[in-house]
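**Q** Could you have a look at this structure, given as structure tokens, before my questions?
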Amino acid sequence: MPVQAFTRHCVAVAVLLCCLTAGAQTNAPTEPEVEKTNKNNSTDPSAAIKPVAQPKNGSAQVNTAPERASEPTLGRVEVIGANSETDQRRASTAAKIIIGKDDIERYGDSSVSEVLKRLPGVTTGGRPGRGGDVRMRGMGGGYTQLLVNGERMPPGFSLDNLTPDQVERIEVMRAPTAEFGARAVAGTINVVLKEALKKTLNEVRVGAGFEIGRASPSASWTRNDKFGESVSYTLTASVNRSNTRDENDTRTRWTDLSSGEQVLDQHEIGFTTSERDGVHLNGRIQVPLAPGEVMILMPFLMVSQSTSGGYGQLVQQPGGTIPPPFASYSTVGESRFRSTRGSAQWQKSLGDGVKIELRGGVSQGAFDNQSSRNEYDLAGLLTRRTDDQSTTKENGWNLTSKASLQLENEHSIVGGLEFDSSTRRQSRTTLQDGLPILTEFGEDLNARSLRMAAYLQDEWSPTKQISAYAGLRWEGIETRSDSDVYQVNNQSNVLTPLLHATWRPDEKSRNQWRSSLTRSYKSASLQDLIARPSISNRFPNGANEVGSPDRAGNPGLAPELARGFEIAYEHYLEKGGLISANFFYRHISDLIRSVVALEDVTWSPDKRWVSRPQNVGNAIAQGIELEAKFRLDEIWSDAMAISLRSNVSVFDSRVDKVTGPNNRLEGQPRGSANLGADYKLRALPISFGANANFTPAYDLQLSDIQSISVGTKVVADAFLVWFINPNAQLRVSANNMLPRDYATSVSTLNGTQRQTNDSANQSNIRWGARLELKL
């Protein structure tokens, strides 16, 4: 779609939304109500007081009962929690979405990434119900900055490994800010772990998920208390087991382009089972040192161990020009992951609005992986065995300082310095039939990176109708490799100016407009820079095929730079509801994309097809995100108090060095949509709801020789909560209630032939039950 036409379309949708909002205002309830509402728009049935029936059409009624003196007629009274997530979103100058604990826990999700898929503009990769890499604006490949407590996590960490029980809230920032960093072309997702509360809490949760007869139990414990009179702490511990089985179905076909005849047809089916045990611990200890001075200690530990196994068969139709590489195969694997992090934060108020903060931490991560693959012929005889063993250890430290000055008229100035360093040691051995391969690269790879940053931001409200933000951030990154045979010395630095503004037409208005002008960037990952070559499983010897390339890194990658613009309209309803429209635009230079090419390589006497990341030119990305969440009786006074949440996003992009059509950013669908509702019964202590997540099918042209098609993705979830008593509740959930295959198709050209790989990966319903107790 041309840029001008797309922009006109987005503006038209936004205008339509504004018109609907205006119509909704005219239908707002005017009569007093009595109904207790918490900050997440949910209704407490025990607090509802039914209004006294009134005569219709003004007709008089005779009252024979004795008249009671001074007996009031009660309507419904609305009590809304202060400082809710919606209030914080409304007050923020830079666009921010805040998801609280109730929304995080509502559907009993097994991972944080499953929670995020319901947010406007957020999609996940992979089959339904399995989490996957998180993408804002549909932009994959590291465009979304993922933080935990404001810090980047070590390699090997995934949001799929973080359980929602440990999370206090999630902050989604659509545009970068100086304080949180500019490595956020699509945006930033900051996961905030459990924080200290003002009240004592001792909470236990025990539950299990069930998928095709396989149980995945979990348990967590949260303790919030004090040592003595002043030292408060929060400790969260959780254990879980994930037990899954995934079916795989792939068909590979070669077609002659001139004649249209099929020259090869291979069909591979198989399955993979996996068991993963995880232990998560995190805490927060707050120690007052003096008036206006506090020390906060934040330990974090994550340990997991998994085992996997798989089996598959390959059937090739007669007449193929290439012999089948195997008839069947079996795989076994074992991996261990450990991440420990200790952070300390010191805050001191110096008076007159001056506050300083120091934060430092050390971290250590380790990832060990062992895998074996055996291939057999039709007679069941072993024809090839591949063993791969790797160990990665990463140690790091970080130190940040921040000073803030609070002036009059809601004016604050913040500046800071950041330093962090990491050292990675990686050892890998690959054996084929007992003999080592890729020996020319050595077994050990040592690399280190150093990052420095400085920023200054000024946020103020010159009037009650205008809030403005100006920030400037400089960041430099140096990456070095100590390997004798694969040396890397990559340096980059970026200066990013950032501007945000919020305007309210009237100081008491519930409408406001936002706009942003930003510069952001995406640095090349350590894996992209120094990745040791990986050999194709299908064609380990001799020449390989274009559809089964080897993979390698590129030490000469430059960072991607992006100029961004956003404009948004938000309308806040009286009872905490929200209707918004957000348009974004990004112009990206030095786009990084994996390119498959035929190369002369050192690990084979034959030319091999190799996939390497490269800077391929420029790209643009744009879209509009529409969101509406409210309680139904906010719009129609006589409606039921059903909480509705919906969002629709439309994405578009173009890569200028790739011939169209469909020359969009890798992994970006045309859009996404969510529709959800929940309701608390008035007569029974039960709450229930459902949500449908939809991502339409899409086609992508990755390069002049390679394209991909991805099928429609639909995920339907539901939950029911029984409030047994004030200290106990039972949550029952059903995730991926409409299971369907996750279909992908990759088409690759090789001279006069086309290779097509069609995959259909099965998904399943996941049932869950969890008992939540406050002791």
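In the structure tokens, chains take letters A, B, ... by order of appearance, with residues numbered from 1 within each chain and ligands from 1 in the order shown.
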Quick one: residues within 9 Å of Ala716 in chain A, only C-alpha atoms counted, chain neighbours fewer than 2 positions away excluded, as a PDB file with all heavy atoms, in the first residue's frame?

**A**
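Final output, part.pdb:
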ATOM      1  N   ALA A 690     -13.613 -13.971  28.757  1.00  0.00           N
ATOM      2  CA  ALA A 690     -12.959 -14.616  27.620  1.00  0.00           C
ATOM      3  C   ALA A 690     -12.287 -13.553  26.767  1.00  0.00           C
ATOM      4  O   ALA A 690     -12.628 -12.366  26.826  1.00  0.00           O
ATOM      5  CB  ALA A 690     -13.968 -15.417  26.785  1.00  0.00           C
ATOM      6  N   ASN A 691     -11.333 -13.977  25.960  1.00  0.00           N
ATOM      7  CA  ASN A 691     -10.622 -13.088  25.044  1.00  0.00           C
ATOM      8  C   ASN A 691     -10.276 -13.858  23.779  1.00  0.00           C
ATOM      9  O   ASN A 691      -9.900 -15.034  23.825  1.00  0.00           O
ATOM     10  CB  ASN A 691      -9.339 -12.561  25.687  1.00  0.00           C
ATOM     11  CG  ASN A 691      -8.646 -11.521  24.822  1.00  0.00           C
ATOM     12  OD1 ASN A 691      -8.946 -10.336  24.905  1.00  0.00           O
ATOM     13  ND2 ASN A 691      -7.708 -11.947  23.973  1.00  0.00           N
ATOM     14  N   ALA A 692     -10.422 -13.191  22.632  1.00  0.00           N
ATOM     15  CA  ALA A 692     -10.032 -13.762  21.340  1.00  0.00           C
ATOM     16  C   ALA A 692      -8.929 -12.898  20.744  1.00  0.00           C
ATOM     17  O   ALA A 692      -9.086 -11.676  20.635  1.00  0.00           O
ATOM     18  CB  ALA A 692     -11.224 -13.837  20.394  1.00  0.00           C
ATOM     19  N   ASN A 693      -7.833 -13.533  20.372  1.00  0.00           N
ATOM     20  CA  ASN A 693      -6.682 -12.862  19.764  1.00  0.00           C
ATOM     21  C   ASN A 693      -6.563 -13.328  18.322  1.00  0.00           C
ATOM     22  O   ASN A 693      -6.604 -14.537  18.045  1.00  0.00           O
ATOM     23  CB  ASN A 693      -5.416 -13.190  20.551  1.00  0.00           C
ATOM     24  CG  ASN A 693      -4.153 -12.677  19.886  1.00  0.00           C
ATOM     25  OD1 ASN A 693      -3.493 -13.410  19.161  1.00  0.00           O
ATOM     26  ND2 ASN A 693      -3.820 -11.436  20.128  1.00  0.00           N
ATOM     27  N   PHE A 694      -6.424 -12.374  17.390  1.00  0.00           N
ATOM     28  CA  PHE A 694      -6.438 -12.703  15.964  1.00  0.00           C
ATOM     29  C   PHE A 694      -5.287 -12.009  15.257  1.00  0.00           C
ATOM     30  O   PHE A 694      -5.085 -10.802  15.389  1.00  0.00           O
ATOM     31  CB  PHE A 694      -7.771 -12.254  15.344  1.00  0.00           C
ATOM     32  CG  PHE A 694      -7.843 -12.416  13.852  1.00  0.00           C
ATOM     33  CD1 PHE A 694      -7.998 -13.661  13.270  1.00  0.00           C
ATOM     34  CD2 PHE A 694      -7.754 -11.304  13.024  1.00  0.00           C
ATOM     35  CE1 PHE A 694      -8.067 -13.806  11.894  1.00  0.00           C
ATOM     36  CE2 PHE A 694      -7.830 -11.421  11.643  1.00  0.00           C
ATOM     37  CZ  PHE A 694      -7.984 -12.685  11.077  1.00  0.00           C
ATOM     38  N   VAL A 714      -5.172 -17.714  15.480  1.00  0.00           N
ATOM     39  CA  VAL A 714      -6.292 -17.382  16.353  1.00  0.00           C
ATOM     40  C   VAL A 714      -6.071 -18.056  17.701  1.00  0.00           C
ATOM     41  O   VAL A 714      -5.826 -19.266  17.755  1.00  0.00           O
ATOM     42  CB  VAL A 714      -7.649 -17.844  15.762  1.00  0.00           C
ATOM     43  CG1 VAL A 714      -8.780 -17.506  16.724  1.00  0.00           C
ATOM     44  CG2 VAL A 714      -7.891 -17.204  14.408  1.00  0.00           C
ATOM     45  N   ALA A 718     -10.187 -18.297  28.036  1.00  0.00           N
ATOM     46  CA  ALA A 718     -11.304 -18.035  28.946  1.00  0.00           C
ATOM     47  C   ALA A 718     -10.873 -18.356  30.365  1.00  0.00           C
ATOM     48  O   ALA A 718      -9.944 -19.138  30.594  1.00  0.00           O
ATOM     49  CB  ALA A 718     -12.532 -18.866  28.551  1.00  0.00           C
ATOM     50  N   ALA A 734      -8.881 -21.836  30.403  1.00  0.00           N
ATOM     51  CA  ALA A 734      -8.749 -22.614  29.182  1.00  0.00           C
ATOM     52  C   ALA A 734      -8.050 -21.720  28.152  1.00  0.00           C
ATOM     53  O   ALA A 734      -8.579 -20.670  27.785  1.00  0.00           O
ATOM     54  CB  ALA A 734     -10.101 -23.071  28.656  1.00  0.00           C
ATOM     55  N   ASN A 735      -6.863 -22.116  27.737  1.00  0.00           N
ATOM     56  CA  ASN A 735      -6.082 -21.339  26.772  1.00  0.00           C
ATOM     57  C   ASN A 735      -6.028 -22.061  25.431  1.00  0.00           C
ATOM     58  O   ASN A 735      -5.952 -23.276  25.377  1.00  0.00           O
ATOM     59  CB  ASN A 735      -4.667 -21.105  27.299  1.00  0.00           C
ATOM     60  CG  ASN A 735      -4.655 -20.382  28.643  1.00  0.00           C
ATOM     61  OD1 ASN A 735      -4.363 -20.972  29.660  1.00  0.00           O
ATOM     62  ND2 ASN A 735      -4.996 -19.111  28.644  1.00  0.00           N
ATOM     63  N   ASN A 736      -6.079 -21.272  24.371  1.00  0.00           N
ATOM     64  CA  ASN A 736      -6.074 -21.810  23.003  1.00  0.00           C
ATOM     65  C   ASN A 736      -7.252 -22.759  22.795  1.00  0.00           C
ATOM     66  O   ASN A 736      -7.099 -23.898  22.349  1.00  0.00           O
ATOM     67  CB  ASN A 736      -4.742 -22.520  22.705  1.00  0.00           C
ATOM     68  CG  ASN A 736      -4.537 -22.794  21.231  1.00  0.00           C
ATOM     69  OD1 ASN A 736      -5.019 -22.056  20.378  1.00  0.00           O
ATOM     70  ND2 ASN A 736      -3.850 -23.870  20.929  1.00  0.00           N
ATOM     71  N   MET A 737      -8.455 -22.259  23.092  1.00  0.00           N
ATOM     72  CA  MET A 737      -9.654 -23.097  23.028  1.00  0.00           C
ATOM     73  C   MET A 737     -10.050 -23.485  21.606  1.00  0.00           C
ATOM     74  O   MET A 737     -10.858 -24.392  21.425  1.00  0.00           O
ATOM     75  CB  MET A 737     -10.830 -22.380  23.692  1.00  0.00           C
ATOM     76  CG  MET A 737     -10.688 -22.193  25.183  1.00  0.00           C
ATOM     77  SD  MET A 737     -12.228 -21.613  25.912  1.00  0.00           S
ATOM     78  CE  MET A 737     -12.449 -20.068  25.030  1.00  0.00           C
ATOM     79  N   LEU A 738      -9.534 -22.789  20.608  1.00  0.00           N
ATOM     80  CA  LEU A 738      -9.832 -23.126  19.216  1.00  0.00           C
ATOM     81  C   LEU A 738      -8.533 -23.551  18.536  1.00  0.00           C
ATOM     82  O   LEU A 738      -7.988 -22.832  17.689  1.00  0.00           O
ATOM     83  CB  LEU A 738     -10.448 -21.923  18.490  1.00  0.00           C
ATOM     84  CG  LEU A 738     -11.722 -21.344  19.100  1.00  0.00           C
ATOM     85  CD1 LEU A 738     -12.122 -20.068  18.370  1.00  0.00           C
ATOM     86  CD2 LEU A 738     -12.845 -22.371  19.063  1.00  0.00           C
ATOM     87  N   PRO A 739      -7.989 -24.706  18.921  1.00  0.00           N
ATOM     88  CA  PRO A 739      -6.668 -25.091  18.407  1.00  0.00           C
ATOM     89  C   PRO A 739      -6.679 -25.294  16.894  1.00  0.00           C
ATOM     90  O   PRO A 739      -7.601 -25.872  16.329  1.00  0.00           O
ATOM     91  CB  PRO A 739      -6.382 -26.401  19.142  1.00  0.00           C
ATOM     92  CG  PRO A 739      -7.724 -26.949  19.508  1.00  0.00           C
ATOM     93  CD  PRO A 739      -8.581 -25.744  19.770  1.00  0.00           C
TER      94      PRO A 739
END

**Q** Pick out the residues sitting within 8 Å of range 560-564 of chain A, and hand them over as a list in words; count only C-alpha atoms, and ignore anything fewer than 3 positions along from it in its own chain.

**A** Val185, Ser516, Leu517, Thr518, Arg519, Ser520, Tyr521, Lys522, Ser523, Phe584, Tyr585, Arg586, His587, Ile588, Ser589, Asp590, Leu591 and Ile592 of chain A

**Q** Please write the residues from the selection above to a file, keeping C-alpha atoms, as a compact mmCIF listing (two decimals), in the first residue's frame.

**A**
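This went into again-v4.txt:
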# COMPACT_ATOMS: atom_id res chain seq x y z
CA VAL A 185 12.82 1.20 17.53
CA SER A 516 6.52 12.38 19.70
CA LEU A 517 9.60 13.00 17.57
CA THR A 518 12.35 10.49 18.31
CA ARG A 519 15.55 8.87 17.15
CA SER A 520 16.26 5.30 18.14
CA TYR A 521 18.52 2.47 17.08
CA LYS A 522 19.06 -1.25 17.09
CA SER A 523 22.59 -2.54 17.66
CA PHE A 584 3.32 5.71 14.33
CA TYR A 585 5.95 6.07 11.63
CA ARG A 586 9.59 4.86 11.55
CA HIS A 587 12.27 5.43 8.90
CA ILE A 588 15.05 2.86 9.36
CA SER A 589 18.51 3.07 7.78
CA ASP A 590 21.14 0.29 7.55
CA LEU A 591 18.48 -2.39 7.99
CA ILE A 592 19.93 -5.74 9.17

**Q** Figure out the distance between CA of Ala769 in chain A and CA of Glu211 in chain A, please, to one decimal in Å.

**A**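 Straight-line distance from CA of Glu211 in chain A to CA of Ala769 in chain A works out to 12.2 Å.
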
**Q** Here is a test: counting only C-alpha atoms, which residue of A:Ala597, A:Ala379, A:Val332, A:Ala621 is nearest to Arg654 in chain A?

**A**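 Of A:Ala597, A:Ala379, A:Val332, A:Ala621, the one nearest Arg654 in chain A, counting only C-alpha atoms, is A:Ala621.
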
**Q** Compile the contact shell of Lys657 in chain A as a list in words: residues with an atom at most 9 Å away, counting only C-alpha atoms, same-chain residues fewer than 4 positions apart removed.

**A**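 Within the cut-off, the hits are Val616, Gly617, Asn618, Ala619, Asn663 and Ser703 of chain A.
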
**Q** Taking N, CA, C and O atoms for each residue, export the selection above as a PDB file, in the first residue's frame.

**A**
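Output file part.pdb is given in full below:
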ATOM      1  N   VAL A 616      21.285  -4.064   4.606  1.00  0.00           N
ATOM      2  CA  VAL A 616      20.763  -4.170   3.237  1.00  0.00           C
ATOM      3  C   VAL A 616      20.103  -2.883   2.736  1.00  0.00           C
ATOM      4  O   VAL A 616      19.537  -2.885   1.648  1.00  0.00           O
ATOM      5  N   GLY A 617      20.149  -1.785   3.479  1.00  0.00           N
ATOM      6  CA  GLY A 617      19.529  -0.558   2.973  1.00  0.00           C
ATOM      7  C   GLY A 617      18.548   0.043   3.954  1.00  0.00           C
ATOM      8  O   GLY A 617      18.706  -0.071   5.173  1.00  0.00           O
ATOM      9  N   ASN A 618      17.498   0.685   3.442  1.00  0.00           N
ATOM     10  CA  ASN A 618      16.550   1.431   4.260  1.00  0.00           C
ATOM     11  C   ASN A 618      15.172   0.767   4.254  1.00  0.00           C
ATOM     12  O   ASN A 618      14.851  -0.032   3.377  1.00  0.00           O
ATOM     13  N   ALA A 619      14.373   1.163   5.231  1.00  0.00           N
ATOM     14  CA  ALA A 619      13.005   0.645   5.329  1.00  0.00           C
ATOM     15  C   ALA A 619      12.143   1.675   6.046  1.00  0.00           C
ATOM     16  O   ALA A 619      12.652   2.539   6.778  1.00  0.00           O
ATOM     17  N   ASN A 663       7.266  -6.583   0.209  1.00  0.00           N
ATOM     18  CA  ASN A 663       8.641  -6.379   0.665  1.00  0.00           C
ATOM     19  C   ASN A 663       8.636  -5.632   1.993  1.00  0.00           C
ATOM     20  O   ASN A 663       9.153  -4.528   2.133  1.00  0.00           O
ATOM     21  N   SER A 703      13.837 -11.586   0.218  1.00  0.00           N
ATOM     22  CA  SER A 703      14.909 -11.195  -0.687  1.00  0.00           C
ATOM     23  C   SER A 703      14.452 -11.517  -2.110  1.00  0.00           C
ATOM     24  O   SER A 703      13.320 -11.969  -2.326  1.00  0.00           O
TER      25      SER A 703
END

**Q** Return the single residue from A:Leu557, A:Ala208, A:Ala543, A:Val134 that is closest to Ile322 in chain A, with distances computed using only C-alpha atoms.

**A**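 Looking only at the distances to Ile322 in chain A, the closest residue turns out to be A:Ala543.
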
**Q** Do a neighbour search on range 395-407 of chain A at 10 Å with only C-alpha atoms, toss out local chain neighbours closer than 3 positions, and write the hits as JSON, numbers by chain.

**A** {"A": [151, 154, 179, 339, 340, 341, 342, 343, 344, 345, 346, 347, 348, 349, 350, 351, 352, 353, 354, 355, 356, 357, 358, 359, 360, 361, 362, 363, 364, 365, 366, 410, 411, 412, 413, 414, 415, 416, 417, 418, 419, 420, 421, 422, 423, 424, 425, 448, 449, 450, 451, 452, 453, 454, 455, 456, 457, 458, 459, 460]}

**Q** Within 7 Å of range 136-142 of chain A, counting only C-alpha atoms, which residues qualify if same-chain residues fewer than 6 places away don't, as a PyMOL selection string?

**A** chain A and resi 121-123+186-187+651+665-669

**Q** Please produce a file of those selected residues containing C-alpha atoms, as a PDB file, in the first residue's frame.

**A**
ATOM      1  CA  GLY A 121       0.117  -3.592  18.760  1.00  0.00           C
ATOM      2  CA  VAL A 122       1.828  -6.593  20.417  1.00  0.00           C
ATOM      3  CA  THR A 123       2.196  -9.940  18.626  1.00  0.00           C
ATOM      4  CA  ALA A 186       9.403  -0.425  18.044  1.00  0.00           C
ATOM      5  CA  GLY A 187       9.134   0.380  21.757  1.00  0.00           C
ATOM      6  CA  PHE A 651       0.765  -2.408  10.201  1.00  0.00           C
ATOM      7  CA  LEU A 665       9.894  -6.077   7.513  1.00  0.00           C
ATOM      8  CA  GLU A 666      10.629  -9.646   8.484  1.00  0.00           C
ATOM      9  CA  GLY A 667       7.978 -11.195  10.743  1.00  0.00           C
ATOM     10  CA  GLN A 668       5.529  -8.282  10.455  1.00  0.00           C
ATOM     11  CA  PRO A 669       1.865  -9.256   9.868  1.00  0.00           C
TER      12      PRO A 669
END

**Q** Can you tell me how far CA of Glu229 in chain A sits from CA of Val167 in chain A, in Å to one decimal?

**A**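 A separation of 26.2 Å between them.
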
**Q** As a PyMOL selection string, please: the residues near Phe630 in chain A (cut-off 8 Å, only C-alpha atoms, same-chain neighbours under 6 positions excluded).

**A** chain A and resi 41+573+575-578+643-645

**Q** Take the residues just selected and output them with N, CA and C atoms as a JSON list (two decimals), in the first residue's frame.

**A**
[["chain", "number", "residue", "atom", "x", "y", "z"],
["A", 41, "ASN", "N", -11.76, -1.61, 36.69],
["A", 41, "ASN", "CA", -13.12, -1.61, 36.13],
["A", 41, "ASN", "C", -13.91, -2.86, 36.48],
["A", 573, "LEU", "N", -12.92, 7.97, 30.04],
["A", 573, "LEU", "CA", -14.30, 7.96, 30.51],
["A", 573, "LEU", "C", -14.34, 8.17, 32.03],
["A", 575, "LYS", "N", -15.60, 6.49, 34.50],
["A", 575, "LYS", "CA", -15.42, 5.36, 35.42],
["A", 575, "LYS", "C", -14.16, 4.56, 35.13],
["A", 576, "GLY", "N", -13.19, 5.18, 34.50],
["A", 576, "GLY", "CA", -11.92, 4.51, 34.27],
["A", 576, "GLY", "C", -11.75, 3.93, 32.90],
["A", 577, "GLY", "N", -12.72, 4.06, 32.02],
["A", 577, "GLY", "CA", -12.59, 3.55, 30.66],
["A", 577, "GLY", "C", -11.71, 4.43, 29.80],
["A", 578, "LEU", "N", -11.36, 3.92, 28.62],
["A", 578, "LEU", "CA", -10.42, 4.61, 27.74],
["A", 578, "LEU", "C", -10.72, 4.27, 26.30],
["A", 643, "SER", "N", -17.21, -5.62, 31.67],
["A", 643, "SER", "CA", -15.98, -4.93, 31.29],
["A", 643, "SER", "C", -15.53, -5.43, 29.92],
["A", 644, "LEU", "N", -15.37, -4.50, 28.99],
["A", 644, "LEU", "CA", -14.96, -4.83, 27.62],
["A", 644, "LEU", "C", -13.56, -4.28, 27.37],
["A", 645, "ARG", "N", -12.75, -5.06, 26.65],
["A", 645, "ARG", "CA", -11.41, -4.63, 26.24],
["A", 645, "ARG", "C", -11.23, -5.04, 24.78]]

**Q** As a ChimeraX atom specification, please: every residue in range 373-539 of chain A that DSSP puts in strand (DSSP E or B).

**A** /A:373-376,382-407,411-432,435-436,444-463,466-481,488-503,511-522,534

**Q** Tell me which protein, DNA and RNA residues are within 10 Å of Ser218 in chain A, counting only C-alpha atoms, leaving out same-chain ones fewer than 4 positions away, and put them as a list in words.

**A**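 Listing them by chain and then by number gives Ser110, Thr163, Arg205, Val206, Gly207, Ala208, Gly209, Ser238, Val239, Asn240, Arg241, Ser242, Asp277, Gly278, Val279 and Arg770 of chain A.
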
**Q** Closest to Ser707 in chain A among A:Phe719, A:Thr744, A:Phe565, A:Val601, using only C-alpha atoms?

**A**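 Of all the options, A:Thr744 lies closest to Ser707 in chain A.
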
**Q** Run DSSP on the backbone and tell me which residues of range 599-719 of chain A come out as alpha helix (DSSP H); list them as a VMD selection string.

**A** chain A and resid 632 to 635
